[in-house]
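K.L.:
First, the structure itself, so that you have it in front of you.
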Amino acid sequence: MKINSPLEAYKFLPGTNCGQCGETSCMAFASHLIDRSLQATDCTPLIEEKKYKKKYDELVTLLAPEIREVVIGVGDNAISIGGDDVLHRHKLTFFNKTALAYDVWDTMEENDLVERVNKIQDFKKFYVGDYLTLDMIAVRSVSNDPKKFATTVKKVMETTEFPMVLCSFEPAVLRAGLEVAAEKRPLLYAANKDNWQEVAALAQEFNVPVTVFAPNDLDLLKSMAKTFADNGIEDVVLDPGTFPTGKGLKTTLNNFLKIRRAGINGDRDIAFPIMAVPFTAWMAHDDEISASYWETVVASIFTIKYGDIMIMHSIEPYALMPQLHIRDTMYTDPRKPVTVDPAVYEIGSPTADSPLLVTANFALTYYTVESDLSSNGVDCYLTAIDTDGIGVEAAVAGGQLTAAKIKKGLDDAGFDMGKLTHKVIVLPGLAARLQGDVEDELGAAVMIGPTDSGRLPGWMEQNWPPKK
Amino acid sequence: MSNKMKLSGLTDLLKDLDVESLEGVTIEGDIELDISGGGGLNPAMAYAMGHEAAQISLHVANIARMLGYPVDQLFASAMGGLPQAPVAGTSRIPELLPAKLDVSKMSEWATPIQEVTLGATSADGGSRKSTVTLGGENALPYYFDAEMPHRNYVTMDVFDMPIGMAKSVKDNYGDVINDPAEWAKKVVRDFNADMVTIHLISTDPLINDTPAREAAKVVEDVLQAVDVPIVIGGSGNPKKDPEVLEKAAEAAEGERVLLASASLNLDYERVAKAATDHGHAVLSWTQLEINAQKELNRKLMKQCNVPRDSIVMDPTTAALGYGLDYAYTNMERIRLAGLMGDEELTFPMSSGTTNAWGARESWMKESPLKQDSDWGPREYRGPIWEIVTGLTLSLAGNDMFMMMHPTSVQVLKEITQTLYGSIEADEIDITKWIGAEV
């Protein structure tokens, strides 16, 4: 965005402090505009009253993200990509997490196709209160036959609501796919130096977003993007080519760096979302595990450095799990708190017979333990000790989790161990070395739990209630 | 326009026109052609008139084009499309606009990262066959702004007693788990480790309370067993570590080891003195806090007189899914601050990448949560967890990786050296990826 202080945004607001947006003042609203947690459309007077029209329009222009946002798909499953304003996540946060598309191809047997699409759309992993999932299906034209492609696209649409990427360099094939799927707003892949006129015409005719592909030719890439945008095709995605190995990979990384740096620094002609195709790793490796590993490694690089959408092949859990987590790692808002409030939390419906567990107040640690307990129906008291937001193992090593800290945590929470029938406190396995100190400090019996809270339900079955 | 003109006259007029004489010509009104002559038109006459009309329209069209009117689009729509538009129904964009991508280098990155050399050869009074130099960067790693002077290095973990390990890690070390010297040999010989870290964990009073002097013997054994530079780690017990590292530093005199570590929660002065007295480097370890890192580095330099070329930082590694976002951003901020001139942060960095094995995804047989999709075989999950954790931090500027699994080491070295630019590979025609049979 072109402005970076609430004061600059405030000038375009009504200044009446009417409170309709839910904020106490226009200045407070302005600061939310700058941190992008609210939008200009959230100010009712600004959009409804005619006299503010000019200010509203100016404000929207000033607040527009440096990298354009492109929407693929429709309705609840639509995916936005791009929209970033910074080169480093700590400067604000990265927006619109990298969209993950996995491939199917038009020479697949129908049963295999449906099975693969279902695997892609059903994959989920629970993490800190939510599921990590995949986003899209990329349909590859291997046959180069428009009819086959259309049939495959149709079958994918019948099987999933996931948005699609239609992949072919043959305009007739793309047209066949669009005739089936245009209303679902798929992403076209791709216009290149040979077919760009015809693919541009398709993007115009069917009003869909389009990828421009210029392997290791950033001038051509920019030229195509600029030409498309000047002719009213604004929903453009850039593919500078993903060379999977050797010097080509180093060059690819630097192409991504150059495109994004230029875009954030104000070169509008190149300020579009970027696509990586880690799929190309499969062209460099013969055996499946090596290919899958290398694809995951390449995908990690471009999740960290500016890939906004990626096409991949491996749907093995050992590839999907790290991919989902590295994406979450990069797109987690660094402004959100690291800690949970130190307290004794009730999980389920604990009674005087329920165990008292200890953990750290690092949010990730706490929520992991909490979900392990609650999803397995364990009723207990879970104490989050103030470890300055450091996890258990590191906090024991660094002195942020000690017997004294545990005592203070229980005292501050007003928790009376006397109300428990068992007078037992359960320490995390990674804090086993505190056992003696805690027994002395609290005068309570100490049990050592497992080193990973995922094993707590099994541990409870074996060890709870404690033997007298 | 009251004057009537014959068609042929108009044709003649237009035929002789050139661009210069167009100025001042105005065309108004419709051109009306009355071709309904009495008694019908004979075919020869109709052909002649058609020819003339077509000629006229061609000339008029030329004029219109000179005046900037999009004649071709008009003709295209009237005639039902241009003949060469087999796929697209709408008109084509005639040509690409020229463009050049200009990207400036980061002028703010004006301060180089300090170089730190570990290990000493016989020329420098040690017995290592080669040394390792970390740091020296003038940009974020692998960036086009400046060449990276040194590649990333991996030091593999060796412990002075058997410890609990994930099954897929342990499977590689069953034969050497009771012999640190053999263990060290194995990681260098079989697993391509650049360096070895000997962790003296048995010295912890809560474990075996091995006396510091005895632990120093293990260090000597490891130095005998391998000729790569080494890192010496304590047990993490803040009371015991300074003594353990003192004795170890003494035993490793002349070898320029890295002592791990000095931290704010132990007597860092003793650790720093052990390093400076015996010519070693020291690892400055803090916990995900850039200001604490500055404070400790400052104390090591100002209060303990550790030379700048003898400090490596460990700002803490959290595993993928367990705080890697904090670890990544912390390292990235440290490196950017260093490049932009914060002299308290211009040091190479080290990562305890082995921490990735603390993530349940790396070692647990299956998900503890019933709602999850199948996690698949853990043999493949573990190494990739360690690789992605390390790779992520390499992009934040980390120089050296402490690691455990041979596959992880192999792949991490491959990918970091690929990005560094020292790995050649056959060129692949990626324009064919869509049709690839996989």
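Ordering of the structure tokens sets the chain letters (A, B, ...), residue numbers begin anew at 1 in every chain, and ligands are numbered from 1 in the order given.
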Set the cut-off to 7 Å and count only C-alpha atoms: what are the residues of chain A that reach chain B? Output as an MDAnalysis selection string.
P.N.:
chainID A and resid 90 123:126 140:142 167:168 171:172 197:198 201:202 205 218:219 222:224 226:227 243 245:247 249:250 254 258 262 280 282 297 300 317:318 322 325:326 329:330 364 372 375 397:398 433 454
K.L.:
Please identify the helix (DSSP H, G or I) residues within range 89-280 of chain B (assignment by DSSP from backbone atoms) and present them as number ranges by chain.
P.N.:
B: 122-124, 167-170, 180-189, 201-203, 212-225, 241-251, 268-277
K.L.:
I'd like to know which of A:Tyr56, A:Tyr10, A:Phe415, A:Phe162 is closest to Asp76 in chain A, using only C-alpha atoms.
P.N.:
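Of the candidates, the smallest distance to Asp76 in chain A is held by A:Phe162.
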K.L.:
CA of Ile233 in chain A and CA of Val165 in chain A, how far apart in Å?
P.N.:
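For CA of Val165 in chain A relative to CA of Ile233 in chain A, the distance reads 17.1 Å.
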K.L.:
Running DSSP on the backbone, which parts of range 309-359 of chain B land in strand (DSSP E), as a ChimeraX atom specification?
P.N.:
/B:311-314,350-351
K.L.:
Could you take the residues named above and write them with C-alpha atoms, as a compact mmCIF listing (two decimals), in the first residue's frame?
P.N.:
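Writing the result to again31.txt gives the following:
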# COMPACT_ATOMS: atom_id res chain seq x y z
CA ILE B 311 31.68 -15.90 18.30
CA VAL B 312 28.96 -17.99 16.67
CA MET B 313 25.30 -17.48 17.62
CA ASP B 314 22.61 -20.05 18.33
CA SER B 350 24.19 -22.26 14.14
CA SER B 351 21.00 -24.28 14.41
K.L.:
Show which residues sit within 7 Å of Pro350 in chain A, as number ranges by chain. Count only C-alpha atoms, and ignore same-chain residues fewer than 6 positions away.
P.N.:
A: 379-381
K.L.:
Please provide the set of residues having any atom within 12 Å of Asp440 in chain A, restricted to only C-alpha atoms, with same-chain residues fewer than 6 positions apart removed, written as JSON, numbers by chain.
P.N.:
{"A": [402, 403, 404, 406, 407, 434, 446]}
K.L.:
Go ahead and compute the interatomic distance for CA of Pro211 in chain B and CA of Lys240 in chain B, in Å to one decimal.
P.N.:
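Calculated distance between CA of Pro211 in chain B and CA of Lys240 in chain B is 9.5 Å.
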K.L.:
Write out as a PyMOL selection string which residues come within 6 Å of range 335-348 of chain A when counting only C-alpha atoms, dropping same-chain ones fewer than 4 positions away.
P.N.:
chain A and resi 361-363+379-386+389+413
K.L.:
What would the file look like if the residues just selected were written as a PDB file, in the first residue's frame with C-alpha atoms?
P.N.:
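The resulting file, out-v4.pdb, is reproduced below:
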ATOM      1  CA  ASN A 361       2.354 -21.121  28.332  1.00  0.00           C
ATOM      2  CA  PHE A 362       3.871 -21.142  24.820  1.00  0.00           C
ATOM      3  CA  ALA A 363       0.716 -21.039  22.708  1.00  0.00           C
ATOM      4  CA  ASP A 379     -11.075 -34.613  31.963  1.00  0.00           C
ATOM      5  CA  CYS A 380      -8.338 -32.792  33.849  1.00  0.00           C
ATOM      6  CA  TYR A 381      -6.841 -29.540  35.130  1.00  0.00           C
ATOM      7  CA  LEU A 382      -4.141 -28.185  32.842  1.00  0.00           C
ATOM      8  CA  THR A 383      -1.811 -25.581  34.326  1.00  0.00           C
ATOM      9  CA  ALA A 384      -0.112 -23.218  31.894  1.00  0.00           C
ATOM     10  CA  ILE A 385       2.967 -21.944  33.699  1.00  0.00           C
ATOM     11  CA  ASP A 386       4.399 -18.553  32.728  1.00  0.00           C
ATOM     12  CA  GLY A 389       6.219 -18.274  25.986  1.00  0.00           C
ATOM     13  CA  ALA A 413      -4.390 -19.052  39.799  1.00  0.00           C
TER      14      ALA A 413
END
K.L.:
So, with only C-alpha atoms as the atoms that count, which of A:Ala276, A:Cys18, A:Val180, A:Val426 lies closest to Gly241 in chain A?
P.N.:
A:Ala276
K.L.:
Please indicate the distance in Å from CA of Val173 in chain A to CA of Lys147 in chain A, rounded to one decimal place.
P.N.:
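Distance between the two atoms: 7.8 Å.
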K.L.:
Hey, what's within 12 Å of Lys51 in chain A if we count only C-alpha atoms and toss same-chain stuff fewer than 6 positions away? As a PyMOL selection string, please?
P.N.:
chain A and resi 12-14+45+57
